[in-house]
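To keep things clear, I will list the structure first and then write my remarks on it.
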Amino acid sequence: MACQVERSQHKNRELAMKMLRSKLYDAEIQKRRDASDKLDETKLEISSAARSGRTLMQPYRLIKDHRTKFEVGDVDRVLDATSIRLFVPT
């Protein structure tokens, strides 16, 4: 790296070192950003799992499983775990 802005050799050297540190810092930030992007590509999408089951209790009192299109109107039995097996695959 060369810098000849100032008349003093020491000031030019300090300025060149600042510029070099700045470029090295930018390169390190870009390297970390690339590693983070690569990690993000391997993550699975959670949104479909989060929307799989919904419980509507007032005023409809209906439980739906959107993956299987299964609906149950007896909320109390499902909440008491007597018919939870309807939603859990065996």
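Note on naming: chains are A, B, ... as they come in the structure tokens, residues start from 1 per chain, ligands start from 1 in the order shown.
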For Val75 of chain A, work out the shell of residues within 7 Å, counting only C-alpha atoms and skipping chain neighbours fewer than 6 positions away, then give it as a count of residues only.
3
